[in-house]
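Below is one structure; the comments refer to it alone.
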Amino acid sequence: MIRNRTSHSCTAKRSVAAMLCLALAAGPLAACSGQQTAQSGAATEQAVIDPSSWKTIGDVFALLDTHEDAQRAAGYDSNYYVCAFNVGDSYYRVVAKMEPQVDEKINNADWSRDDVPDQIDEAVRTLVVESATDITGDVVSQAELDKLVGKTGKQLVDAGFAFDMYEMMGENQTQATFSKGYFSYTFTFDIGVPEDKDQDEGASIMGAATTGVELYGVSNDASDPTKVS
């Protein structure tokens with residue numbers, strides 16, 4: 001599994017395509033109270049956010065620092081640094097070309113310390129943004145997701161979804177995330193799966209029917225540096 005799913009914190013280990021998950025919020029997105037306020041806030045937010053204005057990764061970090069509900073996933077290798085994140089209900093993917101001196105700083109990070117994410121952030125903030133894309137349109141709408149309720153795990157795979165991980169394993173139902181493109185979705189299944197089956201790559205739910213589904217967040221592909229085209 002490439003990306004740690006923990007919402008509060010995560011650890012990363014250096015590898016050929018090391019992935020670093022930096023979740024900046026520990027709960028669901030906060031809802032605005034009052035329809036007029038929400039609409040006004042959304043309009044203001046959309047007017048302020050301009051991906052073309054992000055010249056360095058530091059510019060992206062500066063934006064995220066002003067949005068407490070933002071969640072970020074990032075990955076890097078010797079070629080690219082990639083991060084995907086949300087600001088409210090909008091999602092973005094930013095790609096920066098890795099520089100040798102930055103790669104060296106990452107290699108020299110002290111992986112025994114708890115502040116590894118901060119060390120990585122400090123190292124990459126000077127990287128120049130190569131592309132910044134609004135990927136919100138790639139999200140499968142809730143209306144389309146609802147049409148998948150009743151499908152089996154195998155049918156989800158046949159429809160282009162890929163099993164990611166078990167999210168919750170209970171006696172009577174199981175939750176698992178499946179990814180499609182840049183996003184992952186949490187599906188609930190009407191079957192209990194023993195905890196000792198948590199590494200079976202979803203085999204236990206391939207024949208089980210889904211009873212519910214919702215957006216989870218960005219998928220591993222969104223922040224995978226080996227998938228930069």
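How things are named: the first chain in the structure tokens is A, the next is B, and so on; residues count from 1 in each chain; ligands count from 1 in the order shown.
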
Write out as a PyMOL selection string the set of residues from region 83-195 of chain A that DSSP, computed on the backbone, places in helix (DSSP H, G or I). chain A and resi 100-107+116-124+136-138+142-146+153-158+195

### Message
If DSSP is run on the backbone, what residues of region 43-186 of chain A are strand (DSSP E)? A reply as number ranges by chain would be ideal.
### Response
A: 72-76, 80-87, 90-97, 129-134, 162-169, 174-180, 183-186

Could you name the residues that touch region 154-166 of chain A at 12 Å or less, counting only C-alpha atoms, but leaving out those on the same chain fewer than 4 positions away, as a short mmCIF file (atom, residue, chain, number, x, y, z; two decimals) with N, CA, C and O atoms, in the first residue's frame?
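Written output follows (out.cif):
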data_model
loop_
_atom_site.label_atom_id
_atom_site.label_comp_id
_atom_site.auth_asym_id
_atom_site.auth_seq_id
_atom_site.Cartn_x
_atom_site.Cartn_y
_atom_site.Cartn_z
N MET A 1 0.86 -1.19 0.00
CA MET A 1 0.00 0.00 0.00
C MET A 1 0.89 1.23 0.00
O MET A 1 1.79 1.36 0.81
N ILE A 2 0.63 2.13 -0.89
CA ILE A 2 1.51 3.27 -1.07
C ILE A 2 1.23 4.37 -0.06
O ILE A 2 2.14 4.92 0.54
N ARG A 3 -0.01 4.66 0.17
CA ARG A 3 -0.34 5.84 0.97
C ARG A 3 -0.96 5.45 2.30
O ARG A 3 -1.92 4.69 2.36
N ASN A 4 -0.41 5.97 3.36
CA ASN A 4 -0.96 5.73 4.68
C ASN A 4 -2.31 6.41 4.79
O ASN A 4 -2.45 7.58 4.48
N ARG A 5 -3.33 5.67 5.28
CA ARG A 5 -4.68 6.20 5.33
C ARG A 5 -5.01 6.91 6.64
O ARG A 5 -6.10 7.39 6.82
N VAL A 140 -16.33 11.04 -9.10
CA VAL A 140 -17.59 10.40 -9.47
C VAL A 140 -18.67 10.99 -8.56
O VAL A 140 -18.54 10.97 -7.34
N LEU A 145 -22.47 7.30 -7.86
CA LEU A 145 -22.04 6.31 -6.86
C LEU A 145 -23.23 5.52 -6.32
O LEU A 145 -23.15 4.30 -6.12
N LYS A 147 -25.75 4.58 -7.79
CA LYS A 147 -26.17 3.56 -8.74
C LYS A 147 -25.37 2.26 -8.58
O LYS A 147 -25.75 1.21 -9.10
N LEU A 148 -24.25 2.35 -7.84
CA LEU A 148 -23.41 1.19 -7.62
C LEU A 148 -23.83 0.37 -6.41
O LEU A 148 -23.31 -0.74 -6.19
N VAL A 149 -24.73 0.93 -5.60
CA VAL A 149 -25.22 0.20 -4.43
C VAL A 149 -25.93 -1.06 -4.90
O VAL A 149 -26.77 -1.03 -5.80
N GLY A 150 -25.56 -2.19 -4.31
CA GLY A 150 -26.11 -3.47 -4.72
C GLY A 150 -25.14 -4.26 -5.59
O GLY A 150 -25.30 -5.47 -5.76
N GLY A 170 -16.01 -5.65 10.41
CA GLY A 170 -16.92 -5.95 11.50
C GLY A 170 -17.54 -7.33 11.35
O GLY A 170 -17.25 -8.06 10.40
N GLN A 173 -20.75 -6.35 8.71
CA GLN A 173 -20.49 -5.53 7.53
C GLN A 173 -19.03 -5.13 7.48
O GLN A 173 -18.33 -5.15 8.50
N THR A 174 -18.60 -4.77 6.30
CA THR A 174 -17.20 -4.41 6.08
C THR A 174 -17.15 -3.17 5.20
O THR A 174 -17.96 -3.01 4.29
N GLN A 175 -16.21 -2.29 5.49
CA GLN A 175 -15.99 -1.12 4.64
C GLN A 175 -14.61 -1.24 4.00
O GLN A 175 -13.63 -1.62 4.64
N ALA A 176 -14.56 -0.91 2.72
CA ALA A 176 -13.30 -0.97 1.99
C ALA A 176 -13.24 0.18 1.00
O ALA A 176 -14.28 0.64 0.51
N THR A 177 -12.05 0.65 0.72
CA THR A 177 -11.90 1.72 -0.26
C THR A 177 -11.47 1.13 -1.59
O THR A 177 -10.64 0.22 -1.66
N PHE A 178 -12.08 1.66 -2.64
CA PHE A 178 -11.74 1.31 -4.01
C PHE A 178 -11.39 2.61 -4.73
O PHE A 178 -12.03 3.64 -4.51
N SER A 179 -10.38 2.56 -5.56
CA SER A 179 -9.96 3.77 -6.26
C SER A 179 -10.31 3.68 -7.74
O SER A 179 -10.39 2.60 -8.33
N LYS A 180 -10.52 4.86 -8.32
CA LYS A 180 -10.75 4.99 -9.75
C LYS A 180 -10.17 6.32 -10.17
O LYS A 180 -10.66 7.37 -9.75
N GLY A 181 -9.11 6.29 -10.96
CA GLY A 181 -8.45 7.53 -11.33
C GLY A 181 -7.81 8.20 -10.14
O GLY A 181 -7.13 7.57 -9.34
N TYR A 182 -8.06 9.49 -10.00
CA TYR A 182 -7.42 10.27 -8.94
C TYR A 182 -8.17 10.22 -7.60
O TYR A 182 -7.75 10.91 -6.65
N PHE A 183 -9.24 9.42 -7.48
CA PHE A 183 -10.02 9.43 -6.25
C PHE A 183 -10.34 8.03 -5.74
O PHE A 183 -10.38 7.07 -6.50
N SER A 184 -10.54 7.95 -4.42
CA SER A 184 -10.92 6.71 -3.76
C SER A 184 -12.29 6.87 -3.12
O SER A 184 -12.68 7.99 -2.72
N TYR A 185 -13.01 5.77 -3.00
CA TYR A 185 -14.38 5.78 -2.48
C TYR A 185 -14.53 4.67 -1.44
O TYR A 185 -13.97 3.58 -1.59
N THR A 186 -15.27 4.96 -0.39
CA THR A 186 -15.51 3.98 0.66
C THR A 186 -16.81 3.25 0.39
O THR A 186 -17.88 3.87 0.34
N PHE A 187 -16.74 1.93 0.20
CA PHE A 187 -17.90 1.09 -0.04
C PHE A 187 -18.18 0.26 1.20
O PHE A 187 -17.25 -0.28 1.82
N THR A 188 -19.45 0.16 1.57
CA THR A 188 -19.86 -0.71 2.67
C THR A 188 -20.46 -1.98 2.08
O THR A 188 -21.28 -1.92 1.16
N PHE A 189 -20.05 -3.13 2.61
CA PHE A 189 -20.51 -4.43 2.11
C PHE A 189 -21.30 -5.16 3.18
O PHE A 189 -21.01 -5.03 4.39
N GLY A 192 -19.41 -9.76 6.92
CA GLY A 192 -18.33 -9.59 7.88
C GLY A 192 -17.09 -10.29 7.36
O GLY A 192 -17.17 -11.40 6.84
N VAL A 193 -15.94 -9.65 7.51
CA VAL A 193 -14.67 -10.23 7.09
C VAL A 193 -13.75 -10.31 8.30
O VAL A 193 -13.51 -9.29 8.96
N PRO A 194 -13.24 -11.49 8.63
CA PRO A 194 -12.33 -11.64 9.77
C PRO A 194 -11.09 -10.78 9.61
O PRO A 194 -10.61 -10.57 8.49
N GLU A 195 -10.57 -10.29 10.71
CA GLU A 195 -9.41 -9.41 10.65
C GLU A 195 -8.17 -10.09 10.08
O GLU A 195 -7.28 -9.43 9.55
N ASP A 196 -8.11 -11.42 10.19
CA ASP A 196 -6.94 -12.11 9.66
C ASP A 196 -6.96 -12.19 8.13
O ASP A 196 -6.04 -12.72 7.51
N LYS A 197 -8.02 -11.64 7.53
CA LYS A 197 -8.11 -11.59 6.07
C LYS A 197 -7.78 -10.20 5.52
O LYS A 197 -8.03 -9.92 4.34
N ASP A 198 -7.22 -9.35 6.37
CA ASP A 198 -7.02 -7.96 5.95
C ASP A 198 -5.97 -7.78 4.86
O ASP A 198 -5.84 -6.70 4.30
N GLN A 199 -5.24 -8.83 4.53
CA GLN A 199 -4.25 -8.74 3.48
C GLN A 199 -4.62 -9.58 2.26
O GLN A 199 -3.76 -9.94 1.46
N ASP A 200 -5.90 -9.89 2.11
CA ASP A 200 -6.30 -10.76 1.00
C ASP A 200 -6.63 -10.00 -0.28
O ASP A 200 -7.21 -10.55 -1.22
N GLU A 201 -6.29 -8.69 -0.32
CA GLU A 201 -6.48 -7.87 -1.51
C GLU A 201 -7.95 -7.80 -1.95
O GLU A 201 -8.24 -7.66 -3.14
N GLY A 202 -8.86 -7.89 -0.97
CA GLY A 202 -10.27 -7.74 -1.27
C GLY A 202 -10.97 -9.01 -1.71
O GLY A 202 -12.17 -8.96 -2.04
N ALA A 203 -10.28 -10.14 -1.68
CA ALA A 203 -10.89 -11.40 -2.14
C ALA A 203 -12.16 -11.74 -1.36
O ALA A 203 -13.11 -12.29 -1.93
N SER A 204 -12.21 -11.40 -0.09
CA SER A 204 -13.35 -11.77 0.75
C SER A 204 -14.62 -11.01 0.42
O SER A 204 -15.72 -11.42 0.82
N ILE A 205 -14.52 -9.89 -0.30
CA ILE A 205 -15.71 -9.10 -0.60
C ILE A 205 -16.05 -9.08 -2.08
O ILE A 205 -16.96 -8.38 -2.50
N MET A 206 -15.33 -9.87 -2.87
CA MET A 206 -15.60 -9.87 -4.31
C MET A 206 -17.01 -10.36 -4.63
O MET A 206 -17.64 -9.91 -5.59
N GLY A 207 -17.54 -11.26 -3.80
CA GLY A 207 -18.88 -11.77 -4.05
C GLY A 207 -19.95 -11.12 -3.21
O GLY A 207 -21.14 -11.45 -3.33
N ALA A 208 -19.56 -10.16 -2.36
CA ALA A 208 -20.50 -9.49 -1.46
C ALA A 208 -21.09 -8.25 -2.12
O ALA A 208 -20.46 -7.61 -2.97
N ALA A 209 -22.32 -7.89 -1.72
CA ALA A 209 -23.01 -6.73 -2.29
C ALA A 209 -22.74 -5.48 -1.47
O ALA A 209 -22.62 -5.53 -0.24
N THR A 210 -22.69 -4.36 -2.15
CA THR A 210 -22.50 -3.08 -1.48
C THR A 210 -23.85 -2.56 -0.96
O THR A 210 -24.88 -2.75 -1.60
N VAL A 213 -22.05 3.86 -0.32
CA VAL A 213 -20.77 4.32 -0.84
C VAL A 213 -20.69 5.84 -0.72
O VAL A 213 -21.69 6.55 -0.82
N TYR A 216 -14.09 9.04 -0.53
CA TYR A 216 -13.09 8.98 0.55
C TYR A 216 -12.11 10.15 0.44
O TYR A 216 -11.85 10.85 1.39
N VAL A 218 -8.56 11.70 -2.26
CA VAL A 218 -7.68 11.44 -3.40
C VAL A 218 -7.10 10.03 -3.28
O VAL A 218 -6.90 9.52 -2.19
N SER A 219 -6.84 9.42 -4.44
CA SER A 219 -6.27 8.08 -4.47
C SER A 219 -4.75 8.14 -4.53
O SER A 219 -4.15 9.22 -4.66
N ASN A 220 -4.12 6.96 -4.46
CA ASN A 220 -2.67 6.91 -4.58
C ASN A 220 -2.19 7.47 -5.91
O ASN A 220 -1.14 8.10 -5.99
N ASP A 221 -2.96 7.22 -6.97
CA ASP A 221 -2.54 7.67 -8.30
C ASP A 221 -2.39 9.19 -8.37
O ASP A 221 -1.57 9.70 -9.14
#

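Straight-line separation from CA of Gly212 (chain A) to CA of Asn172 (chain A): 14.0 Å.
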
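If you look at CA of Cys83 (chain A) and CA of Gly153 (chain A), they are 29.0 Å away from each other.
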
Give me, please, the distance in Å between CA of Asp50 (chain A) and CA of Val87 (chain A), quoted to one decimal.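 According to the coordinates, CA of Asp50 (chain A) and CA of Val87 (chain A) are separated by 11.7 Å.
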
- Message: At a cut-off of 7 Å, using only C-alpha atoms, what residues contact region 91-101 of chain A? Leave out same-chain residues fewer than 4 positions from it and give the result as a list of chain:residue names.
- Response: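 Counting only C-alpha atoms, the residues come to A:Ser78, A:Asn79, A:Tyr80, A:Tyr81, A:Val82, A:Cys83, A:Ala84, A:Phe85, A:Asn86, A:Val87, A:Lys105, A:Leu127, A:Val128, A:Val129, A:Glu130, A:Ser131, A:Ala132, A:Thr133, A:Asp134, A:Ile135, A:Thr136, A:Ala222.
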
Limited to C-alpha atoms, could you put the picked residues into a file as a short mmCIF file (atom, residue, chain, number, x, y, z; two decimals), in the first residue's frame?
data_model
loop_
_atom_site.label_atom_id
_atom_site.label_comp_id
_atom_site.auth_asym_id
_atom_site.auth_seq_id
_atom_site.Cartn_x
_atom_site.Cartn_y
_atom_site.Cartn_z
CA SER A 78 14.20 11.46 -7.99
CA ASN A 79 12.20 12.92 -10.89
CA TYR A 80 9.09 14.57 -9.46
CA TYR A 81 7.32 15.81 -6.36
CA VAL A 82 3.54 15.50 -6.63
CA CYS A 83 0.85 16.61 -4.21
CA ALA A 84 -2.93 16.39 -4.35
CA PHE A 85 -5.19 18.24 -1.95
CA ASN A 86 -8.60 19.72 -1.38
CA VAL A 87 -9.67 23.24 -0.55
CA LYS A 105 18.12 17.02 1.42
CA LEU A 127 10.62 23.42 -6.12
CA VAL A 128 9.13 25.16 -9.17
CA VAL A 129 5.58 24.15 -10.07
CA GLU A 130 5.48 22.46 -13.47
CA SER A 131 1.70 21.99 -13.59
CA ALA A 132 -1.28 22.72 -11.35
CA THR A 133 -4.60 21.15 -12.29
CA ASP A 134 -8.10 21.34 -10.89
CA ILE A 135 -9.14 17.66 -10.76
CA THR A 136 -12.53 18.19 -9.11
CA ALA A 222 -3.14 11.36 -7.64
#
